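Everything below belongs to structure_28.txt, which stores compact mmCIF, C-alpha atoms.
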```
# COMPACT_ATOMS: atom_id res chain seq x y z
CA MET A 1 0.00 0.00 0.00
CA LYS A 2 1.17 3.53 -0.83
CA LEU A 3 0.56 6.27 1.74
CA LEU A 4 0.89 9.99 0.95
CA LEU A 5 0.96 12.44 3.87
CA VAL A 6 0.37 16.11 3.06
CA SER A 7 1.02 19.29 5.03
CA PRO A 8 -1.36 21.98 3.65
CA PRO A 9 -0.09 25.48 2.81
CA PHE A 10 -0.28 28.36 5.27
CA GLY A 11 -0.64 30.95 2.52
CA GLU A 12 -3.76 33.06 2.38
CA LYS A 13 -6.61 31.33 0.50
CA GLY A 14 -4.42 28.25 0.18
CA GLN A 15 -1.77 29.94 -1.94
CA ARG A 16 1.71 28.51 -1.63
CA SER A 17 4.13 30.52 0.46
CA LYS A 18 7.81 30.06 1.16
CA GLY A 19 6.75 28.23 4.29
CA LEU A 20 8.74 27.75 7.44
CA PRO A 21 12.36 26.57 7.36
CA ILE A 22 11.24 23.79 9.72
CA ALA A 23 10.29 20.33 8.53
CA PRO A 24 6.55 19.72 9.25
CA PRO A 25 6.82 17.73 12.51
CA VAL A 26 3.59 15.76 12.29
CA LEU A 27 4.41 14.30 8.88
CA GLU A 28 7.92 13.15 9.76
CA TYR A 29 6.60 11.62 12.96
CA LEU A 30 3.70 9.83 11.22
CA ALA A 31 6.20 8.44 8.72
CA GLY A 32 8.19 7.06 11.65
CA LEU A 33 5.05 5.66 13.26
CA THR A 34 4.10 4.00 9.96
CA CYS A 35 7.52 2.36 9.69
CA LYS A 36 7.14 1.08 13.24
CA VAL A 37 3.70 -0.50 12.90
CA ARG A 38 3.64 -1.32 9.15
CA SER A 39 7.09 -1.37 7.63
CA ASP A 40 5.67 -2.73 4.37
CA VAL A 41 3.73 0.49 3.66
CA GLU A 42 5.43 2.86 1.20
CA VAL A 43 5.33 6.43 2.54
CA LYS A 44 5.73 9.74 0.71
CA LEU A 45 5.63 13.22 2.27
CA VAL A 46 4.58 16.49 0.62
CA ASP A 47 4.85 19.99 2.08
CA ALA A 48 2.38 21.95 -0.05
CA ASN A 49 3.96 25.20 1.15
CA LYS A 50 7.06 24.37 -0.84
CA GLU A 51 5.92 21.85 -3.44
CA GLU A 52 3.24 21.78 -6.10
CA PHE A 53 0.32 19.54 -5.14
CA ASN A 54 -1.83 18.27 -7.99
CA PRO A 55 -4.56 15.79 -6.96
CA GLU A 56 -4.81 14.46 -10.51
CA GLN A 57 -1.18 13.29 -10.34
CA VAL A 58 -1.44 11.50 -6.98
CA GLU A 59 -0.77 7.77 -7.23
CA ALA A 60 -1.13 6.81 -3.56
CA ASP A 61 -3.74 4.41 -2.22
CA LEU A 62 -4.35 6.52 0.90
CA ILE A 63 -3.83 10.26 1.37
CA GLY A 64 -3.64 11.88 4.80
CA PHE A 65 -3.93 15.56 5.69
CA THR A 66 -3.01 17.03 9.08
CA VAL A 67 -5.04 20.20 9.47
CA LEU A 68 -4.71 23.43 11.44
CA THR A 69 -7.60 25.92 11.28
CA PRO A 70 -6.28 28.28 8.54
CA GLN A 71 -5.36 25.25 6.43
CA ALA A 72 -8.84 23.72 6.53
CA PRO A 73 -10.42 25.25 3.37
CA TRP A 74 -7.51 24.18 1.17
CA ALA A 75 -7.42 20.70 2.72
CA TYR A 76 -11.15 20.29 2.20
CA ARG A 77 -10.92 21.35 -1.47
CA MET A 78 -8.03 19.00 -2.20
CA SER A 79 -9.71 16.15 -0.38
CA ASP A 80 -12.92 16.62 -2.35
CA ARG A 81 -10.98 16.51 -5.63
CA LEU A 82 -9.07 13.40 -4.58
CA ARG A 83 -12.22 11.57 -3.55
CA SER A 84 -13.89 12.48 -6.83
CA LEU A 85 -11.00 10.61 -8.47
CA GLY A 86 -11.69 7.54 -6.36
CA LYS A 87 -8.92 8.10 -3.79
CA LYS A 88 -9.23 7.32 -0.09
CA VAL A 89 -8.60 10.31 2.20
CA ILE A 90 -8.08 10.60 5.95
CA MET A 91 -7.83 13.79 7.99
CA GLY A 92 -6.57 14.61 11.45
CA GLY A 93 -5.11 17.42 13.50
CA ILE A 94 -6.34 20.00 15.96
CA HIS A 95 -8.95 21.59 13.68
CA VAL A 96 -10.46 18.27 12.69
CA THR A 97 -10.57 17.16 16.32
CA ALA A 98 -12.29 20.41 17.29
CA LEU A 99 -14.86 20.27 14.45
CA PRO A 100 -15.30 16.62 13.41
CA GLU A 101 -18.79 17.13 12.01
CA GLU A 102 -17.47 19.84 9.68
CA ALA A 103 -14.55 17.72 8.47
CA MET A 104 -16.43 14.44 8.07
CA PRO A 105 -18.07 15.17 4.66
CA HIS A 106 -14.62 15.84 3.17
CA ALA A 107 -12.89 12.59 4.16
CA ASP A 108 -13.42 8.86 4.17
CA SER A 109 -12.20 8.79 7.75
CA ILE A 110 -11.09 11.28 10.38
CA VAL A 111 -8.70 10.85 13.29
CA LEU A 112 -9.57 12.52 16.57
CA GLY A 113 -6.68 13.19 18.93
CA GLU A 114 -3.35 11.38 18.89
CA ALA A 115 -2.55 8.64 16.38
CA GLU A 116 -0.33 6.14 18.23
CA GLN A 117 -3.07 3.80 19.48
CA ILE A 118 -5.12 3.69 16.27
CA TRP A 119 -2.61 4.04 13.43
CA GLU A 120 -1.92 0.35 12.85
CA GLU A 121 -5.65 -0.47 12.81
CA LEU A 122 -6.36 2.43 10.46
CA LEU A 123 -3.71 1.31 7.95
CA LYS A 124 -4.97 -2.26 8.07
CA ASN A 125 -8.56 -1.15 7.51
CA ALA A 126 -7.52 1.10 4.63
CA GLU A 127 -5.70 -1.78 2.99
CA HIS A 128 -8.85 -3.91 3.20
CA ASN A 129 -11.12 -1.04 2.09
CA ASN A 130 -13.12 -0.89 5.33
CA LEU A 131 -12.10 2.39 6.96
CA LYS A 132 -14.18 3.47 9.94
CA PRO A 133 -15.72 6.96 9.82
CA PHE A 134 -13.91 7.91 13.06
CA TYR A 135 -10.81 6.79 14.90
CA ASN A 136 -10.59 8.07 18.46
CA GLY A 137 -6.98 8.40 19.54
CA THR A 138 -6.19 8.33 23.24
CA LEU A 139 -3.51 10.19 25.19
CA SER A 140 -0.58 7.81 24.93
CA GLU A 141 2.42 7.22 27.12
CA LEU A 142 5.53 8.68 25.53
CA ALA A 143 8.08 5.93 26.08
CA ASN A 144 9.61 4.28 22.99
CA LEU A 145 8.11 6.68 20.50
CA PRO A 146 9.26 6.15 16.90
CA LYS A 147 11.94 8.46 15.58
CA PRO A 148 10.87 10.93 12.90
CA VAL A 149 11.81 9.95 9.35
CA THR A 150 13.69 12.88 7.84
CA ASN A 151 14.82 11.67 4.40
CA LEU A 152 11.53 11.53 2.49
CA TRP A 153 11.33 15.17 1.40
CA ASP A 154 11.90 16.61 -2.06
CA THR A 155 12.93 19.87 -0.40
CA LYS A 156 15.45 20.90 2.26
CA TYR A 157 14.90 22.40 5.71
CA VAL A 158 17.17 24.41 7.98
CA TYR A 159 15.62 23.09 11.21
CA GLY A 160 14.56 19.72 12.49
CA TYR A 161 12.57 19.29 15.71
CA PHE A 162 12.31 17.23 18.85
CA GLN A 163 9.66 16.77 21.52
CA THR A 164 10.17 16.03 25.21
CA SER A 165 6.58 16.25 26.49
CA ARG A 166 2.93 16.65 25.55
CA GLY A 167 0.17 18.50 27.34
CA CYS A 168 0.09 21.73 29.32
CA PRO A 169 -0.95 22.49 32.90
CA PHE A 170 -2.05 26.01 31.99
CA SER A 171 -5.59 26.59 30.71
CA CYS A 172 -5.23 29.74 28.62
CA THR A 173 -8.50 30.58 26.90
CA PHE A 174 -6.86 31.20 23.51
CA CYS A 175 -4.99 27.87 23.39
CA SER A 176 -6.15 24.39 22.40
CA VAL A 177 -3.03 22.51 23.60
CA HIS A 178 -4.43 21.55 27.01
CA LYS A 179 -7.62 20.26 25.38
CA PHE A 180 -5.95 18.40 22.51
CA PHE A 181 -2.93 16.99 24.38
CA GLY A 182 -4.34 17.04 27.92
CA GLY A 183 -4.04 19.28 30.97
CA LYS A 184 -1.58 16.91 32.63
CA THR A 185 1.85 16.96 31.06
CA ARG A 186 3.26 13.62 29.88
CA MET A 187 7.05 13.29 29.73
CA ARG A 188 9.25 11.36 27.34
CA PRO A 189 12.08 9.40 28.94
CA ILE A 190 15.17 11.59 28.93
CA LYS A 191 17.31 8.89 27.34
CA ASP A 192 14.91 8.69 24.39
CA VAL A 193 15.14 12.42 23.76
CA VAL A 194 18.93 12.47 24.01
CA GLU A 195 19.34 9.48 21.69
CA GLU A 196 16.97 10.93 19.08
CA VAL A 197 18.68 14.33 18.89
CA ALA A 198 22.19 12.88 19.10
CA SER A 199 21.55 10.46 16.23
CA SER A 200 19.96 13.05 13.94
CA LYS A 201 21.97 14.38 11.00
CA ARG A 202 20.50 17.82 11.55
CA ARG A 203 22.34 20.51 13.52
CA LEU A 204 19.57 23.03 14.24
CA PHE A 205 16.30 22.14 15.93
CA TRP A 206 12.99 23.46 17.12
CA GLY A 207 11.91 22.12 20.53
CA ILE A 208 8.19 21.77 19.84
CA ASP A 209 7.00 21.36 23.44
CA ASP A 210 4.39 23.99 24.23
CA ASN A 211 6.54 24.89 27.25
CA ILE A 212 10.17 23.79 27.38
CA TRP A 213 10.60 24.32 31.13
CA GLY A 214 7.34 25.29 32.82
CA VAL A 215 6.17 21.89 34.02
CA ASN A 216 8.85 20.45 36.27
CA ILE A 217 11.98 22.51 36.92
CA LYS A 218 13.92 19.60 38.39
CA ARG A 219 13.15 17.38 35.43
CA SER A 220 14.06 20.14 32.96
CA ILE A 221 17.43 20.63 34.64
CA GLU A 222 18.10 16.89 34.48
CA LEU A 223 17.10 16.78 30.80
CA TYR A 224 19.33 19.70 29.87
CA ARG A 225 22.25 18.30 31.87
CA GLU A 226 22.03 15.02 29.95
CA MET A 227 21.67 16.81 26.63
CA GLY A 228 24.70 18.97 27.37
CA GLU A 229 26.84 15.98 28.28
CA ASN A 230 25.81 13.74 25.39
CA ILE A 231 24.95 15.99 22.46
CA LYS A 232 27.64 18.12 20.88
CA GLY A 233 27.55 20.62 18.04
CA LYS A 234 23.76 21.00 17.93
CA TRP A 235 21.57 23.96 18.83
CA TRP A 236 17.88 24.63 19.21
CA PHE A 237 15.16 27.09 20.16
CA GLY A 238 11.78 26.60 21.85
CA SER A 239 8.84 28.21 23.65
CA GLY A 240 8.53 28.83 27.38
CA ASP A 241 6.75 30.69 30.14
CA LEU A 242 8.20 33.49 32.27
CA ASN A 243 6.99 32.32 35.66
CA SER A 244 9.50 29.44 35.67
CA ILE A 245 12.36 31.93 35.29
CA GLN A 246 11.35 33.38 38.66
CA HIS A 247 11.87 29.99 40.37
CA PRO A 248 14.69 29.76 42.96
CA ASN A 249 16.54 27.27 40.71
CA SER A 250 16.13 29.30 37.53
CA GLU A 251 19.81 30.25 37.23
CA GLU A 252 20.74 26.57 37.28
CA LEU A 253 17.96 25.85 34.78
CA LEU A 254 19.21 28.48 32.34
CA ARG A 255 22.84 27.48 32.71
CA TYR A 256 22.11 23.88 31.78
CA ALA A 257 19.66 24.92 29.04
CA ARG A 258 22.43 26.94 27.37
CA ARG A 259 24.85 24.02 27.70
CA ALA A 260 22.18 21.80 26.12
CA GLY A 261 22.25 24.02 23.03
CA LEU A 262 19.34 26.39 23.71
CA THR A 263 20.08 29.63 21.86
CA ALA A 264 16.71 31.41 21.81
CA VAL A 265 13.29 31.14 23.40
CA LEU A 266 9.89 32.46 22.37
CA VAL A 267 8.30 33.47 25.67
CA GLY A 268 4.60 33.92 26.23
CA TRP A 269 4.22 37.61 27.07
CA GLU A 270 0.71 37.20 25.60
CA SER A 271 -0.45 40.82 26.06
CA ASN A 272 0.52 44.25 27.34
CA ASN A 273 -3.03 44.82 28.54
CA ILE A 274 -3.83 43.42 32.00
CA ARG A 275 -7.52 43.09 31.13
CA SER A 276 -6.60 40.95 28.14
CA LEU A 277 -4.23 38.83 30.26
CA GLU A 278 -7.09 38.19 32.65
CA GLU A 279 -9.46 37.34 29.79
CA TYR A 280 -6.86 34.93 28.41
CA LYS A 281 -6.28 33.39 31.87
CA ALA A 282 -2.57 33.94 31.29
CA VAL A 283 -1.63 35.96 34.37
CA THR A 284 -0.11 33.04 36.30
CA LYS A 285 2.23 32.26 33.38
CA GLN A 286 3.82 35.68 33.75
CA GLY A 287 4.87 35.70 37.40
CA ARG A 288 5.41 38.92 39.30
CA ASN A 289 8.55 40.20 37.56
CA ARG A 290 8.39 39.26 33.92
CA ARG A 291 10.70 42.07 32.80
CA ASP A 292 13.39 40.84 35.19
CA ALA A 293 12.84 37.30 33.94
CA ILE A 294 13.58 38.38 30.37
CA LYS A 295 16.76 40.13 31.47
CA LYS A 296 17.84 36.99 33.33
CA ILE A 297 17.37 34.82 30.24
CA ARG A 298 19.41 37.17 28.06
CA ASP A 299 22.11 37.56 30.72
CA ASN A 300 22.57 33.79 30.44
CA GLY A 301 23.33 34.09 26.73
CA ILE A 302 19.91 33.01 25.46
CA ASP A 303 18.02 35.33 23.15
CA VAL A 304 14.36 36.19 23.76
CA MET A 305 11.46 36.84 21.44
CA LEU A 306 8.06 37.80 22.85
CA PHE A 307 4.91 36.07 21.68
CA ILE A 308 2.21 38.75 21.85
CA MET A 309 -1.42 38.89 20.76
CA VAL A 310 -2.95 42.21 19.76
CA GLY A 311 -6.41 43.41 18.84
CA GLY A 312 -8.37 41.43 21.42
CA ARG A 313 -11.67 42.84 22.56
CA GLN A 314 -10.10 44.19 25.75
CA ASP A 315 -7.19 45.83 23.89
CA VAL A 316 -7.03 49.49 22.88
CA ARG A 317 -5.25 51.19 20.00
CA GLU A 318 -2.37 52.30 22.23
CA ASP A 319 -1.47 48.68 22.96
CA PHE A 320 -0.05 48.27 19.44
CA ASP A 321 2.37 51.17 19.90
CA GLY A 322 3.17 50.03 23.43
CA ILE A 323 4.61 46.76 22.14
CA LEU A 324 7.22 48.50 20.01
CA LYS A 325 8.17 50.70 22.97
CA LEU A 326 8.41 47.61 25.20
CA CYS A 327 10.69 45.77 22.78
CA ASN A 328 12.98 48.79 22.46
CA GLU A 329 13.23 49.05 26.24
CA LEU A 330 13.99 45.35 26.70
CA ASN A 331 16.16 44.97 23.57
CA VAL A 332 14.12 42.01 22.38
CA ALA A 333 12.10 41.16 19.29
CA ALA A 334 8.46 40.14 19.28
CA HIS A 335 6.22 37.92 17.20
CA PRO A 336 2.93 39.85 17.22
CA VAL A 337 -0.18 38.06 15.96
CA MET A 338 -3.77 39.13 15.79
CA THR A 339 -5.82 37.67 18.62
CA THR A 340 -7.58 34.71 17.00
CA PRO A 341 -10.31 32.61 18.64
CA PHE A 342 -9.66 29.13 17.27
CA PRO A 343 -12.38 26.46 17.32
CA GLY A 344 -12.07 24.20 20.32
CA THR A 345 -10.83 26.97 22.62
CA GLU A 346 -12.63 28.77 25.39
CA LEU A 347 -11.93 32.09 23.67
CA TYR A 348 -13.84 30.88 20.60
CA GLU A 349 -16.95 30.38 22.69
CA MET A 350 -16.45 33.77 24.36
CA TYR A 351 -16.07 35.57 21.02
CA LYS A 352 -18.50 33.51 18.98
CA GLU A 353 -21.23 36.14 18.88
CA TYR A 354 -18.74 38.76 17.68
CA LEU A 355 -17.26 36.77 14.77
CA ILE A 356 -17.43 38.57 11.42
CA LYS A 357 -19.94 36.87 9.15
CA GLY A 358 -18.82 35.25 5.91
CA LEU A 359 -15.14 34.67 6.74
CA ASN A 360 -13.52 31.36 5.83
CA TRP A 361 -11.16 29.57 8.17
CA ASP A 362 -8.15 30.69 6.16
CA SER A 363 -8.68 34.16 7.62
CA PHE A 364 -7.90 32.68 11.05
CA ASP A 365 -4.16 32.96 10.41
CA GLY A 366 -3.02 35.56 12.94
CA ASN A 367 -2.93 38.30 10.30
CA HIS A 368 -6.63 39.12 9.99
CA ALA A 369 -9.21 40.58 12.34
CA VAL A 370 -11.97 37.97 12.50
CA PHE A 371 -14.27 39.48 15.14
CA GLU A 372 -15.88 42.82 15.88
CA HIS A 373 -14.11 45.10 18.38
CA PRO A 374 -15.77 47.68 20.66
CA SER A 375 -13.71 50.60 19.31
CA MET A 376 -11.47 49.49 16.40
CA SER A 377 -12.56 48.38 12.94
CA PRO A 378 -11.07 45.24 11.37
CA GLU A 379 -9.19 47.42 8.87
CA GLU A 380 -7.72 49.56 11.62
CA ARG A 381 -6.45 46.55 13.53
CA GLU A 382 -4.98 44.91 10.42
CA THR A 383 -3.19 48.12 9.45
CA ALA A 384 -1.92 48.56 13.01
CA ILE A 385 -0.34 45.10 13.16
CA ILE A 386 1.35 45.60 9.78
CA ASN A 387 2.83 48.89 11.02
CA LEU A 388 3.90 47.29 14.29
CA ARG A 389 5.72 44.48 12.50
CA ALA A 390 7.41 46.99 10.20
CA GLY A 391 8.68 48.90 13.21
CA LEU A 392 10.07 45.78 14.87
CA PHE A 393 12.32 44.38 12.14
CA PRO A 394 14.48 46.98 10.40
CA ILE A 395 17.96 45.47 9.97
CA THR A 396 19.48 48.14 12.24
CA SER A 397 17.08 47.15 15.03
CA ILE A 398 17.86 43.45 14.58
CA ILE A 399 21.60 44.08 14.81
CA LYS A 400 21.18 46.30 17.87
CA ARG A 401 19.24 43.57 19.67
CA ILE A 402 21.75 40.88 18.74
CA LEU A 403 24.62 42.93 20.12
CA LYS A 404 22.82 43.09 23.48
CA ILE A 405 22.82 39.29 23.93
CA SER A 406 25.31 38.21 26.61
CA TYR A 407 28.71 36.96 25.48
CA ARG A 408 27.89 33.69 27.28
CA GLY A 409 25.88 32.66 24.25
CA PHE A 410 28.50 33.69 21.68
CA PRO A 411 28.53 32.88 18.86
CA MET A 412 25.55 30.56 18.28
CA SER A 413 22.92 32.60 20.15
CA HIS A 414 23.90 35.60 18.08
CA ILE A 415 23.95 33.65 14.81
CA THR A 416 20.63 31.91 15.37
CA SER A 417 19.06 35.18 16.54
CA TRP A 418 19.80 36.61 13.10
CA MET A 419 18.53 33.40 11.45
CA ILE A 420 15.22 33.80 13.28
CA GLN A 421 14.71 37.56 13.17
CA TYR A 422 15.79 38.43 9.63
CA PRO A 423 13.56 35.88 7.81
CA GLN A 424 10.65 36.79 10.07
CA GLY A 425 11.02 40.47 9.29
CA ARG A 426 11.28 39.68 5.58
CA ALA A 427 8.13 37.53 5.71
CA PHE A 428 6.20 40.29 7.48
CA LYS A 429 7.40 42.79 4.85
CA GLU A 430 6.27 40.55 2.00
CA TYR A 431 2.88 40.10 3.63
CA ALA A 432 2.54 43.88 4.02
CA LYS A 433 3.25 44.32 0.29
CA LYS A 434 0.55 41.82 -0.62
CA ALA A 435 -1.93 43.49 1.73
CA ASN A 436 -1.22 46.90 0.19
CA LEU A 437 -1.67 45.51 -3.31
CA LYS A 438 -5.05 44.12 -2.34
CA GLU A 439 -6.12 47.52 -0.98
CA ALA A 440 -4.94 49.24 -4.17
CA ARG A 441 -7.14 46.97 -6.25
```
Give the structure from this file in structure tokens form.
Amino acid sequence: MKLLLVSPPFGEKGQRSKGLPIAPPVLEYLAGLTCKVRSDVEVKLVDANKEEFNPEQVEADLIGFTVLTPQAPWAYRMSDRLRSLGKKVIMGGIHVTALPEEAMPHADSIVLGEAEQIWEELLKNAEHNNLKPFYNGTLSELANLPKPVTNLWDTKYVYGYFQTSRGCPFSCTFCSVHKFFGGKTRMRPIKDVVEEVASSKRRLFWGIDDNIWGVNIKRSIELYREMGENIKGKWWFGSGDLNSIQHPNSEELLRYARRAGLTAVLVGWESNNIRSLEEYKAVTKQGRNRRDAIKKIRDNGIDVMLFIMVGGRQDVREDFDGILKLCNELNVAAHPVMTTPFPGTELYEMYKEYLIKGLNWDSFDGNHAVFEHPSMSPEERETAIINLRAGLFPITSIIKRILKISYRGFPMSHITSWMIQYPQGRAFKEYAKKANLKEAR
């Protein structure tokens, strides 16, 4: 049996974009899982951000799509075309799990939740042409997970990835992680993580845990100590909270994280507006001294980028300008996104009555205003975030921030900081050009 796994494009209206320089994690992992449970199945991977995808040229017996919300319209269209050609299609991912009734008419079968416990049965059923309409994946233990298969691409990636845990103890209203992966964090055995990263041919990685250190400080220190002792010449970045950096053992945590190859971290600042932080239930993630926490991270030679949402219903126009001022004061970059209530989240239910009528899911991409605001129009918010991004990433500002990183991280923290900031600024600039062209028309 031939299996084709497809990562849909992130481009607006399903248009191809340059995509991320990171290999799509779900696809490489599903390829590894397939090899583990059915080594006789032939697997091919396609990243539709970087490669042409033509349903009429697909020769696989089974096609699988993993779907995030802004990817859903494209995935549905491609699936409908494939099925009209007599192909079998399965779908999974966070969006499908959140809205199974919506996804069901577009696929022969849909996977809800995680795949480990149902994948072998699904492949067997597909081979015998008796797929079930639904496969309900359970929250699996993380010991002896298959290694991702990294050599099936027709394109190249700068970054690989690794995962050390699933689930999140925080219950932020804007996030679906705790609902999809569970509110209790499950840990991979440290030896498994170390062996996987050490054996990989890649040198740069993305740690895809929702929080790289906010669950168990002692365990994180042990993990980073083992990584530092057994993995050489490899570096990575990840996402983390700020409250953990205010823990009594945070200096030890950061020291070992740097030795383990951590060069940069995207921290959840979430919002400048306290009313928004309260609405997002994100106050406890910040701790009491989040500015000092950022300084501590950078003093340890690890660069910081702030993840910030703007344009929420509690936000005001001044919050956009305040972010640029904040970043200049702290000498850090930010990744600002439009507040987006994704299906399956508490925020979606809170904002449901305010959603703008007639929008497709591909507008839920962090660039567009998708709900009505008490005082700002959608156009005003979209223009404000474009201007904010433009102010954050001039080359002179990037260089200034890089020079402020502690010498402890030299040279890789400085190099990878450029590798993260410059492409991001370029991508924001290209998006702004497209948005302006649309307005001109």
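Interatomic distance, CA of Pro70 (chain A) against CA of Ile274 (chain A): 28.0 Å.
Surrounding region 337-344 of chain A within 6 Å are Ala98, Met309, Val310, Gly311, Gly312, Leu347, Tyr348, Gly366 and Asn367 of chain A, with only C-alpha atoms counted and residues fewer than 2 positions along the same chain left out.
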- Task: Between A:Pro105, A:Gly113, A:Pro25, A:Gly183, single out the one closest to Gln163 (chain A), counting only C-alpha atoms.
- Result: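 Nearest candidate to Gln163 (chain A) out of A:Pro105, A:Gly113, A:Pro25, A:Gly183: A:Pro25.
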- Message: Here is a test: counting only C-alpha atoms, which residue of A:Val215, A:Ile323, A:Ile90, A:Ala48 is nearest to Gln71 (chain A)?
- Response: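 Among the listed residues, the smallest separation from Gln71 (chain A) belongs to A:Ala48.
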- Name the residues in contact with Leu262 (chain A) at a cut-off of 7 Å, using all atoms listed in the file, excluding same-chain residues fewer than 3 positions from it; report them as a ChimeraX atom specification. /A:235-237,257-258,302
Preceding selection exported with C-alpha atoms as a PDB file, in the coordinates of the input:
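Result saved to again-v8.pdb:
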```pdb
ATOM      1  CA  TRP A 235      21.570  23.960  18.830  1.00  0.00           C
ATOM      2  CA  TRP A 236      17.880  24.630  19.210  1.00  0.00           C
ATOM      3  CA  PHE A 237      15.160  27.090  20.160  1.00  0.00           C
ATOM      4  CA  ALA A 257      19.660  24.920  29.040  1.00  0.00           C
ATOM      5  CA  ARG A 258      22.430  26.940  27.370  1.00  0.00           C
ATOM      6  CA  ILE A 302      19.910  33.010  25.460  1.00  0.00           C
TER       7      ILE A 302
END
```
- Task: Find the residue from A:Glu252, A:Glu329, A:Glu114, A:Asp108 that sits nearest to Leu131 (chain A); use all atoms listed in the file when measuring.
- Result: A:Asp108
- Residues within 12 Å of Asn130 (chain A), all atoms listed in the file, excluding chain neighbours under 4 positions, as a PyMOL selection string: chain A and resi 88+108-109+121-126+134
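Considering the residues A:Lys191, A:Arg401, A:Lys234, A:Lys156 and counting only C-alpha atoms, Phe205 (chain A) has its shortest atom-to-atom contact with A:Lys234.
In this comparison, which uses only C-alpha atoms, the residue of A:Lys218, A:Leu266, A:Lys44, A:Ile385 approaching Leu62 (chain A) most closely is A:Lys44.
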- Task: Can you work out the spacing between CA of Val58 (chain A) and CA of Phe364 (chain A) in Å, to one decimal?
- Result: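 Rounded to one decimal, the two atoms are 28.6 Å apart.
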